[in-house]
Amino acid sequence: AAGEPQADCLFCKILAGDVPATIVHETKDVVAFRDINPQAPTHILVIPRAHYANAGELGADAPELAGALLAEAAVIATAEDIADSGYRIVFNTGAGAGQTVFHVHAHLLGGRGLSWPPG
Ligand code: 5GP
Ligand code: ZN
């Protein structure tokens, strides 16, 4: 069912403590941890505890949770001291856009110049 843990999901395993991760911050509904292959000095993944495949499903099925995730990303940006210099929040959606883990996650990127468009 929507939101339920998936046995084959890497991020559900991290949430369960079965795969180690460097947790940055957690709330009742949202967990943030450092990306294992950082693309910027600060590169944090912010995920809901509930399993949704992508940002579209999260927004459609659990809009309040989607809002909580964005609010948490902003809190972490401030705590990581990247809010003033500017940061980027990315939701890769679909394999064609580079999504490799199908448990929705916001990439929070900062601490370096971020050009646009990204290429
Ligand atoms: P996607 O490509 O799906 O948008 O992002 C998946 C992200 O998860 C990638 O940036 C990748 O580096 C990160 N990642 C993959 N496996 C692990 C892992 O085991 N631990 C952590 N912390 N990050 C991971
Ligand atoms: Zn999952």
# chains A, B, ... in the order shown; residues from 1 in each chain; ligands from 1

call {"tool": "residues_near_ligand", "arguments": {"ligand": "ligand 2", "cutoff": "12 Å", "atoms": "only C-alpha atoms and all ligand atoms", "output": "number ranges by chain"}}
result
A: 1-16, 47-54, 58, 101-105

call {"tool": "residues_near_ligand", "arguments": {"ligand": "ligand 1", "cutoff": "9 Å", "atoms": "only C-alpha atoms and all ligand atoms", "output": "JSON, numbers by chain"}}
result
{"A": [10, 11, 14, 19, 20, 21, 22, 23, 33, 34, 35, 36, 37, 38, 39, 43, 44, 45, 90, 91, 92, 93, 94, 95, 97, 98, 99, 100, 101, 102, 103, 104, 105, 106, 107]}

call {"tool": "residues_around", "arguments": {"residues": "A:Gly111", "least_positions_apart": "4", "cutoff": "10 Å", "atoms": "only C-alpha atoms", "output": "ChimeraX atom specification"}}
result
/A:40-43,77,80-87

call {"tool": "select_by_dssp", "arguments": {"residues": "chain A", "states": "alpha helix (DSSP H)", "output": "ChimeraX atom specification"}}
result
/A:10-16,55-61,63-79

call {"tool": "atom_distance", "arguments": {"atom1": "atom CA of A:Ala55", "atom2": "atom CA of A:Val24"}}
result
21.1 Å

call {"tool": "atom_distance", "arguments": {"atom1": "atom CA of A:Val46", "atom2": "atom CA of A:Ile89"}}
result
9.6 Å

call {"tool": "atom_distance", "arguments": {"atom1": "atom CA of A:Lys28", "atom2": "atom CA of A:Ala68"}}
result
10.1 Å

call {"tool": "residues_around", "arguments": {"residues": "A:His25", "least_positions_apart": "6", "cutoff": "9 Å", "atoms": "only C-alpha atoms", "output": "list in words"}}
result
Val31, Ala32, Phe33, Glu72 and Ile76 of chain A
